[in-house]
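First the structure, in the form of structure tokens, and then the observations on it.
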Amino acid sequence: MQKWIIVEGLTEDGKQKEYQVSDGEPYDDTDNKNERTMSYDFTDLQEAKELCKKLNKRSSNEKR
């Protein structure tokens, strides 16, 4: 089952927190085999949590 997570970072301009709803950890320049294939970016944590919950629920239902 695919597990969606929230990764905290900064916007491209570095001025604001960003929350990425992601299907995996982003690659960090090591050989850790992180395989993120997609993410949705938010500056509002509550919106990110809502989407993450929705995607995890959908992913869980697809496996049944």
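The chains in the structure tokens are called A, B, ... from first to last as shown; in each chain the residues are counted from 1, and the ligands are counted from 1 in the order shown.
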
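Surrounding segment 33-48 of chain A within 9 Å are Ile6, Leu10, Thr11, Gln16, Lys17, Glu18, Tyr19, Gln20, Val21, Ser22, Asp23, Gly24, Glu25, Pro26, Tyr27, Asp28 and Lys53 of chain A, with only C-alpha atoms counted and residues fewer than 5 positions along the same chain left out.
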
Residue selection dump (all heavy atoms) as a short mmCIF file (atom, residue, chain, number, x, y, z; two decimals), in the first residue's frame:
data_model
loop_
_atom_site.label_atom_id
_atom_site.label_comp_id
_atom_site.auth_asym_id
_atom_site.auth_seq_id
_atom_site.Cartn_x
_atom_site.Cartn_y
_atom_site.Cartn_z
N ILE A 6 3.55 13.86 4.95
CA ILE A 6 3.76 15.31 4.82
C ILE A 6 5.23 15.60 5.11
O ILE A 6 5.76 15.23 6.15
CB ILE A 6 2.85 16.09 5.78
CG1 ILE A 6 1.39 15.85 5.41
CG2 ILE A 6 3.20 17.58 5.74
CD1 ILE A 6 0.40 16.51 6.35
N LEU A 10 10.71 24.53 2.75
CA LEU A 10 10.55 25.96 2.51
C LEU A 10 10.14 26.19 1.06
O LEU A 10 10.51 25.40 0.18
CB LEU A 10 11.86 26.71 2.78
CG LEU A 10 12.35 26.76 4.21
CD1 LEU A 10 13.73 27.41 4.28
CD2 LEU A 10 11.37 27.55 5.08
N THR A 11 9.40 27.27 0.83
CA THR A 11 9.05 27.63 -0.53
C THR A 11 10.33 27.94 -1.30
O THR A 11 11.40 28.13 -0.70
CB THR A 11 8.11 28.85 -0.56
OG1 THR A 11 8.73 29.92 0.16
CG2 THR A 11 6.76 28.54 0.04
N GLN A 16 8.91 31.15 3.29
CA GLN A 16 7.71 30.62 3.93
C GLN A 16 7.82 29.10 4.08
O GLN A 16 8.42 28.43 3.24
CB GLN A 16 6.51 30.96 3.04
CG GLN A 16 5.19 30.88 3.69
CD GLN A 16 4.10 31.46 2.77
OE1 GLN A 16 4.36 32.03 1.73
NE2 GLN A 16 2.88 31.32 3.19
N LYS A 17 7.19 28.57 5.14
CA LYS A 17 7.14 27.12 5.29
C LYS A 17 6.24 26.54 4.20
O LYS A 17 5.26 27.15 3.80
CB LYS A 17 6.57 26.73 6.65
CG LYS A 17 7.58 26.71 7.74
CD LYS A 17 7.00 26.06 8.97
CE LYS A 17 8.05 26.03 10.06
NZ LYS A 17 7.55 25.42 11.29
N GLU A 18 6.62 25.35 3.76
CA GLU A 18 5.85 24.64 2.76
C GLU A 18 5.62 23.21 3.26
O GLU A 18 6.50 22.63 3.89
CB GLU A 18 6.63 24.62 1.45
CG GLU A 18 5.96 23.86 0.34
CD GLU A 18 6.77 23.90 -0.93
OE1 GLU A 18 7.84 23.26 -0.98
OE2 GLU A 18 6.34 24.60 -1.87
N TYR A 19 4.46 22.69 2.98
CA TYR A 19 4.11 21.32 3.38
C TYR A 19 3.81 20.54 2.11
O TYR A 19 2.92 20.91 1.35
CB TYR A 19 2.92 21.33 4.33
CG TYR A 19 3.16 22.23 5.51
CD1 TYR A 19 2.70 23.53 5.53
CD2 TYR A 19 3.90 21.78 6.60
CE1 TYR A 19 2.94 24.37 6.60
CE2 TYR A 19 4.15 22.60 7.68
CZ TYR A 19 3.68 23.90 7.68
OH TYR A 19 3.94 24.73 8.74
N GLN A 20 4.59 19.50 1.87
CA GLN A 20 4.43 18.70 0.66
C GLN A 20 3.78 17.37 1.03
O GLN A 20 4.32 16.60 1.81
CB GLN A 20 5.79 18.45 0.02
CG GLN A 20 6.50 19.72 -0.36
CD GLN A 20 7.94 19.47 -0.77
OE1 GLN A 20 8.48 18.39 -0.58
NE2 GLN A 20 8.56 20.49 -1.33
N VAL A 21 2.59 17.13 0.46
CA VAL A 21 1.94 15.83 0.61
C VAL A 21 2.58 14.97 -0.47
O VAL A 21 2.46 15.23 -1.66
CB VAL A 21 0.42 15.94 0.42
CG1 VAL A 21 -0.23 14.56 0.51
CG2 VAL A 21 -0.17 16.88 1.46
N SER A 22 3.31 13.96 -0.03
CA SER A 22 4.20 13.23 -0.91
C SER A 22 4.02 11.72 -0.77
O SER A 22 3.69 11.22 0.30
CB SER A 22 5.64 13.61 -0.57
OG SER A 22 6.56 12.86 -1.29
N ASP A 23 4.30 11.01 -1.86
CA ASP A 23 4.21 9.55 -1.80
C ASP A 23 5.53 8.91 -1.38
O ASP A 23 5.72 7.72 -1.51
CB ASP A 23 3.71 8.96 -3.12
CG ASP A 23 4.66 9.20 -4.28
OD1 ASP A 23 5.63 9.99 -4.13
OD2 ASP A 23 4.44 8.60 -5.34
N GLY A 24 6.43 9.70 -0.85
CA GLY A 24 7.69 9.19 -0.33
C GLY A 24 8.61 10.33 0.07
O GLY A 24 8.35 11.48 -0.24
N GLU A 25 9.68 9.99 0.75
CA GLU A 25 10.66 11.00 1.14
C GLU A 25 11.39 11.52 -0.10
O GLU A 25 11.67 10.75 -1.02
CB GLU A 25 11.69 10.40 2.09
CG GLU A 25 11.15 10.05 3.45
CD GLU A 25 10.93 11.27 4.33
OE1 GLU A 25 11.52 12.32 4.08
OE2 GLU A 25 10.13 11.13 5.27
N PRO A 26 11.71 12.80 -0.14
CA PRO A 26 12.48 13.32 -1.27
C PRO A 26 13.91 12.78 -1.25
O PRO A 26 14.45 12.47 -0.19
CB PRO A 26 12.46 14.83 -1.07
CG PRO A 26 12.12 15.04 0.37
CD PRO A 26 11.36 13.83 0.82
N TYR A 27 14.51 12.68 -2.41
CA TYR A 27 15.90 12.23 -2.53
C TYR A 27 16.79 13.22 -1.80
O TYR A 27 16.64 14.43 -1.92
CB TYR A 27 16.28 12.13 -4.00
CG TYR A 27 17.68 11.63 -4.21
CD1 TYR A 27 18.01 10.31 -3.94
CD2 TYR A 27 18.68 12.47 -4.67
CE1 TYR A 27 19.29 9.83 -4.11
CE2 TYR A 27 19.97 12.00 -4.85
CZ TYR A 27 20.27 10.69 -4.58
OH TYR A 27 21.54 10.23 -4.75
N ASP A 28 17.75 12.72 -1.03
CA ASP A 28 18.61 13.59 -0.23
C ASP A 28 20.09 13.47 -0.57
O ASP A 28 20.95 13.66 0.28
CB ASP A 28 18.37 13.35 1.26
CG ASP A 28 18.76 11.95 1.70
OD1 ASP A 28 19.26 11.17 0.88
OD2 ASP A 28 18.57 11.65 2.89
N LYS A 53 -4.76 12.78 4.45
CA LYS A 53 -5.74 11.83 5.00
C LYS A 53 -6.61 11.24 3.89
O LYS A 53 -6.84 10.04 3.84
CB LYS A 53 -6.61 12.56 6.05
CG LYS A 53 -7.62 11.67 6.72
CD LYS A 53 -8.39 12.47 7.78
CE LYS A 53 -9.45 11.62 8.44
NZ LYS A 53 -10.19 12.38 9.46
#

Among chain A, which ones does DSSP place in strand (DSSP E), written as a ChimeraX atom specification? /A:5-10,17-22,39-42

For those residues, write all heavy atoms to a file as a short mmCIF file (atom, residue, chain, number, x, y, z; two decimals), in the first residue's frame.
data_model
loop_
_atom_site.label_atom_id
_atom_site.label_comp_id
_atom_site.auth_asym_id
_atom_site.auth_seq_id
_atom_site.Cartn_x
_atom_site.Cartn_y
_atom_site.Cartn_z
N ILE A 5 2.69 10.93 2.96
CA ILE A 5 3.25 11.60 4.14
C ILE A 5 3.31 13.11 3.89
O ILE A 5 3.16 13.56 2.76
CB ILE A 5 4.68 11.08 4.46
CG1 ILE A 5 5.63 11.33 3.27
CG2 ILE A 5 4.65 9.61 4.83
CD1 ILE A 5 7.07 11.04 3.57
N ILE A 6 3.55 13.86 4.95
CA ILE A 6 3.76 15.31 4.82
C ILE A 6 5.23 15.60 5.11
O ILE A 6 5.76 15.23 6.15
CB ILE A 6 2.85 16.09 5.78
CG1 ILE A 6 1.39 15.85 5.41
CG2 ILE A 6 3.20 17.58 5.74
CD1 ILE A 6 0.40 16.51 6.35
N VAL A 7 5.87 16.25 4.14
CA VAL A 7 7.27 16.64 4.27
C VAL A 7 7.31 18.15 4.41
O VAL A 7 6.75 18.88 3.59
CB VAL A 7 8.08 16.20 3.02
CG1 VAL A 7 9.52 16.65 3.14
CG2 VAL A 7 7.99 14.70 2.82
N GLU A 8 7.95 18.63 5.47
CA GLU A 8 8.03 20.07 5.70
C GLU A 8 9.28 20.63 5.05
O GLU A 8 10.36 20.03 5.13
CB GLU A 8 8.06 20.35 7.21
CG GLU A 8 7.97 21.80 7.56
CD GLU A 8 7.89 22.04 9.06
OE1 GLU A 8 7.09 21.36 9.73
OE2 GLU A 8 8.65 22.90 9.53
N GLY A 9 9.13 21.76 4.42
CA GLY A 9 10.27 22.41 3.78
C GLY A 9 10.03 23.90 3.69
O GLY A 9 9.24 24.47 4.45
N LEU A 10 10.71 24.53 2.75
CA LEU A 10 10.55 25.96 2.51
C LEU A 10 10.14 26.19 1.06
O LEU A 10 10.51 25.40 0.18
CB LEU A 10 11.86 26.71 2.78
CG LEU A 10 12.35 26.76 4.21
CD1 LEU A 10 13.73 27.41 4.28
CD2 LEU A 10 11.37 27.55 5.08
N LYS A 17 7.19 28.57 5.14
CA LYS A 17 7.14 27.12 5.29
C LYS A 17 6.24 26.54 4.20
O LYS A 17 5.26 27.15 3.80
CB LYS A 17 6.57 26.73 6.65
CG LYS A 17 7.58 26.71 7.74
CD LYS A 17 7.00 26.06 8.97
CE LYS A 17 8.05 26.03 10.06
NZ LYS A 17 7.55 25.42 11.29
N GLU A 18 6.62 25.35 3.76
CA GLU A 18 5.85 24.64 2.76
C GLU A 18 5.62 23.21 3.26
O GLU A 18 6.50 22.63 3.89
CB GLU A 18 6.63 24.62 1.45
CG GLU A 18 5.96 23.86 0.34
CD GLU A 18 6.77 23.90 -0.93
OE1 GLU A 18 7.84 23.26 -0.98
OE2 GLU A 18 6.34 24.60 -1.87
N TYR A 19 4.46 22.69 2.98
CA TYR A 19 4.11 21.32 3.38
C TYR A 19 3.81 20.54 2.11
O TYR A 19 2.92 20.91 1.35
CB TYR A 19 2.92 21.33 4.33
CG TYR A 19 3.16 22.23 5.51
CD1 TYR A 19 2.70 23.53 5.53
CD2 TYR A 19 3.90 21.78 6.60
CE1 TYR A 19 2.94 24.37 6.60
CE2 TYR A 19 4.15 22.60 7.68
CZ TYR A 19 3.68 23.90 7.68
OH TYR A 19 3.94 24.73 8.74
N GLN A 20 4.59 19.50 1.87
CA GLN A 20 4.43 18.70 0.66
C GLN A 20 3.78 17.37 1.03
O GLN A 20 4.32 16.60 1.81
CB GLN A 20 5.79 18.45 0.02
CG GLN A 20 6.50 19.72 -0.36
CD GLN A 20 7.94 19.47 -0.77
OE1 GLN A 20 8.48 18.39 -0.58
NE2 GLN A 20 8.56 20.49 -1.33
N VAL A 21 2.59 17.13 0.46
CA VAL A 21 1.94 15.83 0.61
C VAL A 21 2.58 14.97 -0.47
O VAL A 21 2.46 15.23 -1.66
CB VAL A 21 0.42 15.94 0.42
CG1 VAL A 21 -0.23 14.56 0.51
CG2 VAL A 21 -0.17 16.88 1.46
N SER A 22 3.31 13.96 -0.03
CA SER A 22 4.20 13.23 -0.91
C SER A 22 4.02 11.72 -0.77
O SER A 22 3.69 11.22 0.30
CB SER A 22 5.64 13.61 -0.57
OG SER A 22 6.56 12.86 -1.29
N SER A 39 4.19 14.91 -5.56
CA SER A 39 3.84 15.62 -4.34
C SER A 39 2.92 16.79 -4.67
O SER A 39 2.88 17.27 -5.80
CB SER A 39 5.10 16.12 -3.61
OG SER A 39 5.72 17.14 -4.35
N TYR A 40 2.18 17.21 -3.66
CA TYR A 40 1.30 18.37 -3.75
C TYR A 40 1.80 19.37 -2.72
O TYR A 40 2.00 19.02 -1.56
CB TYR A 40 -0.14 17.98 -3.42
CG TYR A 40 -0.71 16.91 -4.32
CD1 TYR A 40 -0.58 15.56 -4.00
CD2 TYR A 40 -1.38 17.25 -5.49
CE1 TYR A 40 -1.12 14.57 -4.83
CE2 TYR A 40 -1.91 16.28 -6.32
CZ TYR A 40 -1.77 14.94 -5.98
OH TYR A 40 -2.30 13.97 -6.80
N ASP A 41 1.99 20.62 -3.12
CA ASP A 41 2.58 21.62 -2.25
C ASP A 41 1.52 22.56 -1.65
O ASP A 41 0.62 23.02 -2.36
CB ASP A 41 3.60 22.46 -3.02
CG ASP A 41 4.75 21.63 -3.55
OD1 ASP A 41 4.93 20.50 -3.07
OD2 ASP A 41 5.46 22.10 -4.44
N PHE A 42 1.66 22.82 -0.36
CA PHE A 42 0.75 23.70 0.36
C PHE A 42 1.56 24.61 1.27
O PHE A 42 2.61 24.22 1.77
CB PHE A 42 -0.20 22.89 1.26
CG PHE A 42 -1.14 21.99 0.52
CD1 PHE A 42 -0.77 20.69 0.21
CD2 PHE A 42 -2.39 22.44 0.13
CE1 PHE A 42 -1.63 19.85 -0.47
CE2 PHE A 42 -3.26 21.60 -0.55
CZ PHE A 42 -2.88 20.31 -0.85
#

Work out how far apart atom CA of Asp13 of chain A and atom CA of Glu50 of chain A are and give it in Å to one decimal. 25.0 Å

DSSP on the backbone: what in chain A comes out alpha helix (DSSP H), as a PyMOL selection string? chain A and resi 45-62

Figure out the distance between atom CA of Leu51 of chain A and atom CA of Lys3 of chain A, please, to one decimal in Å.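 Separation of atom CA of Lys3 of chain A and atom CA of Leu51 of chain A: 12.4 Å.
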